[in-house]
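Containing PDB, C-alpha atoms: entry-v2.pdb.
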ATOM      1  CA  MET A   1      63.838 155.302 -47.493
ATOM      2  CA  THR A   2      62.763 156.085 -51.067
ATOM      3  CA  SER A   3      59.363 157.786 -50.641
ATOM      4  CA  LEU A   4      59.150 161.559 -50.371
ATOM      5  CA  PHE A   5      56.057 161.227 -48.187
ATOM      6  CA  GLU A   6      57.897 158.967 -45.740
ATOM      7  CA  ALA A   7      60.809 161.418 -45.675
ATOM      8  CA  ALA A   8      58.457 164.313 -44.957
ATOM      9  CA  ALA A   9      56.794 162.345 -42.154
ATOM     10  CA  GLU A  10      60.187 161.610 -40.594
ATOM     11  CA  CYS A  11      61.083 165.311 -40.595
ATOM     12  CA  LEU A  12      57.727 166.189 -39.062
ATOM     13  CA  ALA A  13      58.122 163.596 -36.308
ATOM     14  CA  ALA A  14      61.619 164.683 -35.251
ATOM     15  CA  ALA A  15      61.384 166.345 -31.823
ATOM     16  CA  ASP A  16      64.969 167.516 -31.416
ATOM     17  CA  PRO A  17      65.582 170.718 -33.435
ATOM     18  CA  ASP A  18      69.075 169.612 -34.476
ATOM     19  CA  GLU A  19      67.678 166.320 -35.763
ATOM     20  CA  LYS A  20      64.820 168.066 -37.574
ATOM     21  CA  VAL A  21      67.291 170.396 -39.297
ATOM     22  CA  ALA A  22      69.673 167.585 -40.243
ATOM     23  CA  LEU A  23      66.884 165.386 -41.619
ATOM     24  CA  THR A  24      65.447 168.325 -43.547
ATOM     25  CA  HIS A  25      68.740 169.084 -45.250
ATOM     26  CA  ARG A  26      69.352 165.390 -45.969
ATOM     27  CA  HIS A  27      65.931 164.646 -47.431
ATOM     28  CA  ALA A  28      65.617 167.899 -49.382
ATOM     29  CA  ALA A  29      68.996 167.204 -50.999
ATOM     30  CA  ALA A  30      68.040 163.602 -51.748
ATOM     31  CA  PHE A  31      64.812 164.739 -53.402
ATOM     32  CA  ALA A  32      66.677 167.339 -55.454
ATOM     33  CA  ARG A  33      69.032 164.564 -56.655
ATOM     34  CA  GLY A  34      66.093 162.380 -57.687
ATOM     35  CA  GLU A  35      66.636 159.808 -54.931
ATOM     36  CA  LEU A  36      63.143 160.142 -53.436
ATOM     37  CA  HIS A  37      60.085 159.341 -55.512
ATOM     38  CA  ILE A  38      56.491 160.555 -55.237
ATOM     39  CA  PRO A  39      54.424 157.349 -54.956
ATOM     40  CA  ALA A  40      51.165 157.393 -56.900
ATOM     41  CA  ASP A  41      49.684 154.646 -54.696
ATOM     42  CA  ALA A  42      50.554 156.071 -51.282
ATOM     43  CA  PRO A  43      47.911 155.665 -48.560
ATOM     44  CA  PRO A  44      46.089 158.784 -47.345
ATOM     45  CA  PRO A  45      48.069 160.979 -44.966
ATOM     46  CA  ASP A  46      47.619 160.600 -41.232
ATOM     47  CA  PRO A  47      45.284 163.108 -39.570
ATOM     48  CA  ILE A  48      46.883 166.404 -38.638
ATOM     49  CA  ARG A  49      48.681 166.321 -35.298
ATOM     50  CA  MET A  50      51.406 168.193 -33.498
ATOM     51  CA  PRO A  51      54.801 167.647 -35.080
ATOM     52  CA  GLY A  52      57.748 166.612 -32.973
ATOM     53  CA  ARG A  53      58.678 169.332 -30.495
ATOM     54  CA  PRO A  54      61.332 169.625 -27.771
ATOM     55  CA  PRO A  55      60.205 169.966 -24.137
ATOM     56  CA  ARG A  56      60.977 173.668 -24.352
ATOM     57  CA  PRO A  57      59.904 176.298 -25.227
ATOM     58  CA  ARG A  58      56.671 176.329 -23.260
ATOM     59  CA  LEU A  59      53.761 177.147 -25.566
ATOM     60  CA  VAL A  60      51.414 179.846 -24.267
ATOM     61  CA  HIS A  61      48.707 182.136 -25.609
ATOM     62  CA  PRO A  62      50.220 185.083 -27.533
ATOM     63  CA  ARG A  63      48.788 187.480 -24.936
ATOM     64  CA  GLU A  64      50.957 185.828 -22.288
ATOM     65  CA  LEU A  65      54.208 186.660 -24.088
ATOM     66  CA  PRO A  66      55.896 189.693 -22.491
ATOM     67  CA  LYS A  67      56.884 192.625 -24.660
ATOM     68  CA  ARG A  68      60.587 193.408 -24.503
ATOM     69  CA  GLY A  69      62.614 196.184 -26.069
ATOM     70  CA  LEU A  70      65.636 195.662 -28.295
ATOM     71  CA  GLY A  71      67.956 197.813 -26.198
ATOM     72  CA  SER A  72      69.332 194.924 -24.115
ATOM     73  CA  ASP A  73      70.876 191.575 -24.976
ATOM     74  CA  GLU A  74      67.936 189.827 -23.317
ATOM     75  CA  GLY A  75      65.431 191.884 -25.300
ATOM     76  CA  ARG A  76      67.180 191.118 -28.583
ATOM     77  CA  ALA A  77      67.465 187.455 -27.582
ATOM     78  CA  ALA A  78      63.724 187.291 -26.887
ATOM     79  CA  PHE A  79      63.062 188.825 -30.311
ATOM     80  CA  LEU A  80      65.459 186.393 -32.026
ATOM     81  CA  HIS A  81      63.875 183.504 -30.144
ATOM     82  CA  ALA A  82      60.421 184.472 -31.428
ATOM     83  CA  ILE A  83      61.689 184.525 -35.017
ATOM     84  CA  ALA A  84      63.588 181.247 -34.545
ATOM     85  CA  HIS A  85      60.375 179.651 -33.277
ATOM     86  CA  ILE A  86      58.552 180.833 -36.394
ATOM     87  CA  GLU A  87      61.295 179.370 -38.586
ATOM     88  CA  LEU A  88      61.193 176.019 -36.772
ATOM     89  CA  ASN A  89      57.428 175.928 -37.299
ATOM     90  CA  ALA A  90      57.965 176.887 -40.929
ATOM     91  CA  ILE A  91      60.135 173.794 -41.457
ATOM     92  CA  ASP A  92      57.154 171.706 -40.410
ATOM     93  CA  LEU A  93      54.736 173.766 -42.478
ATOM     94  CA  GLY A  94      56.816 173.080 -45.577
ATOM     95  CA  TRP A  95      57.043 169.368 -44.901
ATOM     96  CA  ASP A  96      53.372 169.127 -43.966
ATOM     97  CA  ALA A  97      52.415 170.613 -47.342
ATOM     98  CA  VAL A  98      54.575 167.934 -48.983
ATOM     99  CA  TYR A  99      53.155 165.143 -46.826
ATOM    100  CA  ARG A 100      49.481 166.099 -46.642
ATOM    101  CA  PHE A 101      48.475 167.060 -50.160
ATOM    102  CA  ARG A 102      48.649 164.189 -52.628
ATOM    103  CA  GLY A 103      48.321 163.837 -56.383
ATOM    104  CA  LEU A 104      49.790 167.239 -57.235
ATOM    105  CA  PRO A 105      52.375 168.291 -59.830
ATOM    106  CA  GLU A 106      55.980 167.505 -58.976
ATOM    107  CA  GLY A 107      56.735 171.232 -58.879
ATOM    108  CA  PHE A 108      54.507 171.607 -55.816
ATOM    109  CA  TYR A 109      56.605 169.132 -53.860
ATOM    110  CA  ARG A 110      59.867 170.613 -55.107
ATOM    111  CA  ASP A 111      58.791 174.098 -54.004
ATOM    112  CA  TRP A 112      57.793 173.091 -50.476
ATOM    113  CA  ALA A 113      60.754 170.773 -49.877
ATOM    114  CA  ARG A 114      62.994 173.681 -50.917
ATOM    115  CA  VAL A 115      61.115 176.025 -48.598
ATOM    116  CA  ALA A 116      61.549 173.605 -45.668
ATOM    117  CA  ASP A 117      65.272 173.432 -46.436
ATOM    118  CA  ASP A 118      65.554 177.233 -46.435
ATOM    119  CA  GLU A 119      63.634 177.520 -43.168
ATOM    120  CA  ALA A 120      65.986 175.019 -41.534
ATOM    121  CA  ARG A 121      68.938 177.171 -42.559
ATOM    122  CA  HIS A 122      67.199 180.271 -41.202
ATOM    123  CA  PHE A 123      66.571 178.539 -37.880
ATOM    124  CA  VAL A 124      70.263 177.668 -37.547
ATOM    125  CA  LEU A 125      71.334 181.251 -38.320
ATOM    126  CA  LEU A 126      69.010 182.579 -35.633
ATOM    127  CA  ARG A 127      69.925 179.929 -33.073
ATOM    128  CA  ASN A 128      73.621 180.625 -33.588
ATOM    129  CA  ARG A 129      72.997 184.336 -33.052
ATOM    130  CA  LEU A 130      71.035 183.511 -29.892
ATOM    131  CA  SER A 131      74.038 181.540 -28.675
ATOM    132  CA  GLU A 132      76.313 184.534 -29.285
ATOM    133  CA  LEU A 133      74.045 186.536 -26.973
ATOM    134  CA  GLY A 134      74.219 183.847 -24.280
ATOM    135  CA  PHE A 135      70.840 182.172 -24.894
ATOM    136  CA  ASP A 136      69.415 179.141 -26.679
ATOM    137  CA  TYR A 137      66.192 178.075 -28.321
ATOM    138  CA  GLY A 138      63.772 177.120 -25.564
ATOM    139  CA  ASP A 139      64.880 179.812 -23.114
ATOM    140  CA  PHE A 140      61.744 181.902 -23.744
ATOM    141  CA  ASP A 141      58.052 181.026 -24.051
ATOM    142  CA  ALA A 142      56.451 180.871 -27.510
ATOM    143  CA  HIS A 143      53.020 180.422 -29.098
ATOM    144  CA  ASN A 144      51.564 177.882 -31.512
ATOM    145  CA  GLY A 145      49.584 180.083 -33.911
ATOM    146  CA  LEU A 146      51.258 178.957 -37.126
ATOM    147  CA  TRP A 147      50.671 175.270 -36.476
ATOM    148  CA  GLU A 148      47.077 175.898 -35.355
ATOM    149  CA  MET A 149      46.319 177.394 -38.787
ATOM    150  CA  CYS A 150      47.996 174.364 -40.340
ATOM    151  CA  GLY A 151      45.422 172.185 -38.586
ATOM    152  CA  LYS A 152      42.503 174.370 -39.617
ATOM    153  CA  THR A 153      43.485 174.071 -43.295
ATOM    154  CA  ALA A 154      44.502 170.392 -43.355
ATOM    155  CA  HIS A 155      41.368 169.489 -45.315
ATOM    156  CA  ASP A 156      41.904 171.987 -48.140
ATOM    157  CA  GLY A 157      45.114 172.717 -50.021
ATOM    158  CA  LEU A 158      43.588 175.848 -51.534
ATOM    159  CA  ALA A 159      42.874 177.294 -48.080
ATOM    160  CA  ARG A 160      46.336 176.227 -46.861
ATOM    161  CA  MET A 161      48.083 178.061 -49.688
ATOM    162  CA  ALA A 162      45.923 181.157 -49.198
ATOM    163  CA  LEU A 163      46.255 181.444 -45.450
ATOM    164  CA  VAL A 164      49.556 180.022 -44.245
ATOM    165  CA  PRO A 165      52.060 181.456 -46.752
ATOM    166  CA  ARG A 166      49.965 184.456 -47.852
ATOM    167  CA  VAL A 167      48.637 185.603 -44.471
ATOM    168  CA  LEU A 168      50.672 184.253 -41.554
ATOM    169  CA  GLU A 169      54.107 183.915 -43.145
ATOM    170  CA  ALA A 170      53.604 187.061 -45.207
ATOM    171  CA  ARG A 171      53.318 188.946 -41.925
ATOM    172  CA  GLY A 172      57.105 188.704 -41.775
ATOM    173  CA  LEU A 173      57.346 190.715 -44.985
ATOM    174  CA  ASP A 174      55.472 193.522 -43.249
ATOM    175  CA  VAL A 175      57.271 193.687 -39.907
ATOM    176  CA  THR A 176      60.856 192.704 -40.718
ATOM    177  CA  PRO A 177      61.946 195.975 -42.409
ATOM    178  CA  GLY A 178      60.978 197.961 -39.302
ATOM    179  CA  MET A 179      62.836 195.518 -37.073
ATOM    180  CA  ILE A 180      65.919 195.812 -39.268
ATOM    181  CA  GLU A 181      65.883 199.605 -38.885
ATOM    182  CA  ARG A 182      65.491 199.352 -35.114
ATOM    183  CA  LEU A 183      68.401 196.915 -34.897
ATOM    184  CA  ARG A 184      70.551 199.161 -37.076
ATOM    185  CA  LYS A 185      70.033 201.906 -34.501
ATOM    186  CA  GLN A 186      71.356 199.443 -31.902
ATOM    187  CA  ASP A 187      74.436 198.819 -34.122
ATOM    188  CA  ASP A 188      73.546 195.109 -34.270
ATOM    189  CA  ALA A 189      74.965 194.425 -37.726
ATOM    190  CA  ARG A 190      75.085 190.644 -37.156
ATOM    191  CA  THR A 191      71.347 190.343 -36.557
ATOM    192  CA  VAL A 192      70.559 192.812 -39.347
ATOM    193  CA  ALA A 193      72.458 190.673 -41.878
ATOM    194  CA  ILE A 194      70.519 187.558 -40.819
ATOM    195  CA  LEU A 195      67.152 189.300 -41.066
ATOM    196  CA  GLU A 196      68.001 190.759 -44.473
ATOM    197  CA  THR A 197      68.754 187.239 -45.746
ATOM    198  CA  ILE A 198      65.533 185.880 -44.288
ATOM    199  CA  LEU A 199      63.427 188.736 -45.681
ATOM    200  CA  ARG A 200      64.855 188.311 -49.174
ATOM    201  CA  GLU A 201      64.229 184.560 -49.201
ATOM    202  CA  GLU A 202      60.787 184.759 -47.562
ATOM    203  CA  VAL A 203      59.541 186.779 -50.540
ATOM    204  CA  ALA A 204      60.146 183.686 -52.677
ATOM    205  CA  HIS A 205      58.389 181.465 -50.116
ATOM    206  CA  VAL A 206      55.273 183.621 -50.069
ATOM    207  CA  ALA A 207      55.436 183.742 -53.874
ATOM    208  CA  ALA A 208      55.285 179.928 -53.887
ATOM    209  CA  GLY A 209      52.115 180.178 -51.840
ATOM    210  CA  SER A 210      50.673 182.673 -54.327
ATOM    211  CA  ARG A 211      51.574 180.465 -57.272
ATOM    212  CA  TRP A 212      50.004 177.324 -55.855
ATOM    213  CA  TYR A 213      46.984 179.169 -54.480
ATOM    214  CA  ARG A 214      46.182 180.330 -58.014
ATOM    215  CA  TRP A 215      46.858 176.842 -59.355
ATOM    216  CA  TYR A 216      44.320 175.400 -56.914
ATOM    217  CA  CYS A 217      41.810 178.111 -57.833
ATOM    218  CA  GLU A 218      42.202 177.406 -61.546
ATOM    219  CA  ARG A 219      41.753 173.673 -60.977
ATOM    220  CA  ALA A 220      38.627 174.303 -58.870
ATOM    221  CA  GLY A 221      37.219 176.870 -61.306
ATOM    222  CA  VAL A 222      36.989 179.627 -58.686
ATOM    223  CA  GLU A 223      37.926 183.283 -59.007
ATOM    224  CA  PRO A 224      41.062 183.750 -56.851
ATOM    225  CA  ARG A 225      40.468 187.328 -55.682
ATOM    226  CA  THR A 226      36.913 186.640 -54.537
ATOM    227  CA  ARG A 227      37.887 183.395 -52.839
ATOM    228  CA  PHE A 228      40.845 185.047 -51.085
ATOM    229  CA  ARG A 229      38.519 187.714 -49.685
ATOM    230  CA  GLU A 230      36.122 185.008 -48.452
ATOM    231  CA  LEU A 231      38.930 183.030 -46.810
ATOM    232  CA  LEU A 232      40.254 186.131 -45.077
ATOM    233  CA  GLN A 233      36.841 186.817 -43.601
ATOM    234  CA  GLU A 234      36.321 183.180 -42.594
ATOM    235  CA  TYR A 235      39.723 182.374 -41.095
ATOM    236  CA  ALA A 236      41.871 185.442 -40.640
ATOM    237  CA  SER A 237      40.070 187.293 -37.858
ATOM    238  CA  GLY A 238      42.716 188.755 -35.573
ATOM    239  CA  TYR A 239      45.670 187.907 -37.808
ATOM    240  CA  LEU A 240      45.795 190.987 -40.014
ATOM    241  CA  ARG A 241      47.529 194.164 -38.942
ATOM    242  CA  GLY A 242      48.927 196.854 -41.181
ATOM    243  CA  PRO A 243      50.784 198.629 -42.473
ATOM    244  CA  PHE A 244      51.517 196.155 -45.224
ATOM    245  CA  ASN A 245      54.808 195.957 -47.106
ATOM    246  CA  ILE A 246      53.312 196.681 -50.497
ATOM    247  CA  GLU A 247      56.530 196.320 -52.502
ATOM    248  CA  ALA A 248      57.433 192.946 -50.974
ATOM    249  CA  ARG A 249      53.887 191.613 -51.251
ATOM    250  CA  LEU A 250      53.686 192.573 -54.928
ATOM    251  CA  LEU A 251      56.976 190.744 -55.506
ATOM    252  CA  ALA A 252      55.479 187.768 -53.623
ATOM    253  CA  GLY A 253      52.551 187.456 -56.027
ATOM    254  CA  PHE A 254      49.838 189.649 -54.523
ATOM    255  CA  ASP A 255      47.900 191.981 -56.782
ATOM    256  CA  GLU A 256      46.302 195.321 -55.929
ATOM    257  CA  ASP A 257      42.830 193.812 -55.470
ATOM    258  CA  GLU A 258      44.156 191.313 -52.918
ATOM    259  CA  LEU A 259      46.012 194.037 -51.047
ATOM    260  CA  GLU A 260      42.792 196.035 -50.892
ATOM    261  CA  SER A 261      41.019 192.952 -49.484
ATOM    262  CA  LEU A 262      43.647 192.773 -46.738
ATOM    263  CA  ARG A 263      43.046 196.418 -45.880
ATOM    264  CA  GLN A 264      39.276 195.915 -45.797
ATOM    265  CA  VAL A 265      39.423 192.916 -43.473
ATOM    266  CA  GLU A 266      41.891 194.767 -41.231
ATOM    267  CA  ALA A 267      39.513 197.752 -41.105
ATOM    268  CA  VAL A 268      36.578 195.544 -40.110
ATOM    269  CA  GLN A 269      38.655 193.945 -37.350
ATOM    270  CA  ALA A 270      39.670 197.372 -36.044
ATOM    271  CA  ASN A 271      36.100 198.722 -36.163
ATOM    272  CA  PRO A 272      33.779 195.715 -35.763
ATOM    273  CA  LEU A 273      30.685 197.886 -35.234
TER
END
With the file now loaded, output its structure as structure tokens.
Amino acid sequence: MTSLFEAAAECLAAADPDEKVALTHRHAAAFARGELHIPADAPPPDPIRMPGRPPRPRLVHPRELPKRGLGSDEGRAAFLHAIAHIELNAIDLGWDAVYRFRGLPEGFYRDWARVADDEARHFVLLRNRLSELGFDYGDFDAHNGLWEMCGKTAHDGLARMALVPRVLEARGLDVTPGMIERLRKQDDARTVAILETILREEVAHVAAGSRWYRWYCERAGVEPRTRFRELLQEYASGYLRGPFNIEARLLAGFDEDELESLRQVEAVQANPL
């Protein structure tokens, strides 16, 4: 295999998590070494579809997921499982960006292959911690919200960059610090160390979304702040909840006007009348 697009498609199709992780590391390393090329004459990508998934976890509506505290091993395992599921989805989100959007600068593909590689490492860290608690990935139900947004934005790289990294994945920047503090109170230093690594690296992932969102806006001749506000109102109903991690979001490429747009959309959602 010499095509980056074929490599991305193979990672997306892998149903077994171990295989998906192994292929991701292999192909990301091969691309970094210059062994995979970006074909200029590649056919259009296949229509968006579900990536390969194991039989478990069962995918349910978010409202069907029970709320558990962090005071027990099972509660912490359920929390870790939810984050591991996000990271497994994020592997596919990275590879789908590589596979789906053609004719872009090489840096775009390098960024998202690197992101997929990081997400695979995060998934393994979380799955190993789950194993230490006596559980495995698939033992709890999960939802499919991240991939559903991937489908909604398959037609438009600008919308994808605005909404998947900068809205859905950026949610982790907001909630992870509070989770770290709660786990510290439970003396769970192992999980805290994993989440601190993920939080630090996710800032760079969201920043990649910010960078390429602005690149798309410049190419299309649209004003990025106005367009971001429009996309939030069009797509992000129900996804935004504060408080927002202002420091992390500024590091990840947001500006004050965009943060104010987030607050405004959140306020409308909370008070629709």
query: Out of A:Arg56, A:Arg68, A:Arg49, A:Arg263, which residue has the shortest atom-to-atom distance to Asp92 in chain A when counting only C-alpha atoms?
result: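 Ranked by minimum distance to Asp92 in chain A, first place goes to A:Arg49.
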task: For Ala207 in chain A, list every protein, DNA or RNA residue within 8 Å, evaluated using all atoms listed in the file, and leave out those in the same chain fewer than 4 positions away; present the list as number ranges by chain.
output: A: 203, 211, 251-253
Prev. selection, C-alpha atoms, output as a PDB file, keeping the file's coordinate frame:
ATOM      1  CA  VAL A 203      59.541 186.779 -50.540  1.00  0.00           C
ATOM      2  CA  ARG A 211      51.574 180.465 -57.272  1.00  0.00           C
ATOM      3  CA  LEU A 251      56.976 190.744 -55.506  1.00  0.00           C
ATOM      4  CA  ALA A 252      55.479 187.768 -53.623  1.00  0.00           C
ATOM      5  CA  GLY A 253      52.551 187.456 -56.027  1.00  0.00           C
TER       6      GLY A 253
END
- request: Please evaluate the PyMOL selection byres ((chain A and resi 243) around 10) against the structure above and give the resulting residues as a count of residues only.
  value: 10
query: For Trp95 in chain A, which residue among A:Arg249, A:His25, A:Arg227, A:His61 is the nearest when counting all atoms listed in the file?
result: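 The answer is A:His25, which sits nearest to Trp95 in chain A.
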- prompt: Which one is closest to Leu125 in chain A: A:Thr197, A:Thr24, A:Thr176, A:Ser210? Count all atoms listed in the file.
  reply: A:Thr197
task: Have a look at A:Arg100, A:Arg53, A:Arg200, A:Arg110 and name the one nearest to Asn144 in chain A; count only C-alpha atoms.
output: A:Arg53
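Nearest to Arg129 in chain A of all the residues A:Tyr99, A:Trp112, A:Phe79, A:Phe254 is A:Phe79, based on all atoms listed in the file.
Here CA of Asp118 in chain A and CA of Phe140 in chain A stand 23.5 Å from one another.
Interatomic distance, CA of Leu130 in chain A against CA of Gly75 in chain A: 11.1 Å.
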task: For Met149 in chain A, list every protein, DNA or RNA residue within 10 Å, evaluated using only C-alpha atoms, and leave out those in the same chain fewer than 2 positions away; present the list as a list of chain:residue names.
output: A:Leu93, A:Asn144, A:Gly145, A:Leu146, A:Trp147, A:Gly151, A:Lys152, A:Thr153, A:Ala154, A:Ala159, A:Arg160, A:Leu163, A:Val164, A:Leu168, A:Tyr235, A:Ala236
Emit the selected residues as a short mmCIF file (atom, residue, chain, number, x, y, z; two decimals), in the coordinates of the input, including C-alpha atoms.
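What ended up in again-v4.cif:
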data_model
loop_
_atom_site.label_atom_id
_atom_site.label_comp_id
_atom_site.auth_asym_id
_atom_site.auth_seq_id
_atom_site.Cartn_x
_atom_site.Cartn_y
_atom_site.Cartn_z
CA LEU A 93 54.74 173.77 -42.48
CA ASN A 144 51.56 177.88 -31.51
CA GLY A 145 49.58 180.08 -33.91
CA LEU A 146 51.26 178.96 -37.13
CA TRP A 147 50.67 175.27 -36.48
CA GLY A 151 45.42 172.18 -38.59
CA LYS A 152 42.50 174.37 -39.62
CA THR A 153 43.48 174.07 -43.30
CA ALA A 154 44.50 170.39 -43.36
CA ALA A 159 42.87 177.29 -48.08
CA ARG A 160 46.34 176.23 -46.86
CA LEU A 163 46.26 181.44 -45.45
CA VAL A 164 49.56 180.02 -44.24
CA LEU A 168 50.67 184.25 -41.55
CA TYR A 235 39.72 182.37 -41.10
CA ALA A 236 41.87 185.44 -40.64
#
Top pick for closest residue to Gln233 in chain A, considering A:Ala113, A:Leu262, A:Ala204, A:Ala77 and counting only C-alpha atoms: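 Of all the options, A:Leu262 lies closest to Gln233 in chain A.
Here CA of Glu196 in chain A is placed at a distance of 22.2 Å from CA of Gly134 in chain A.
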message: Applying the PyMOL selection byres ((chain A and resi 126) around 8) to the file I just gave you, which residues come out? Please list them as a ChimeraX atom specification.
response: /A:80-81,83-84,122-125,127-130,194
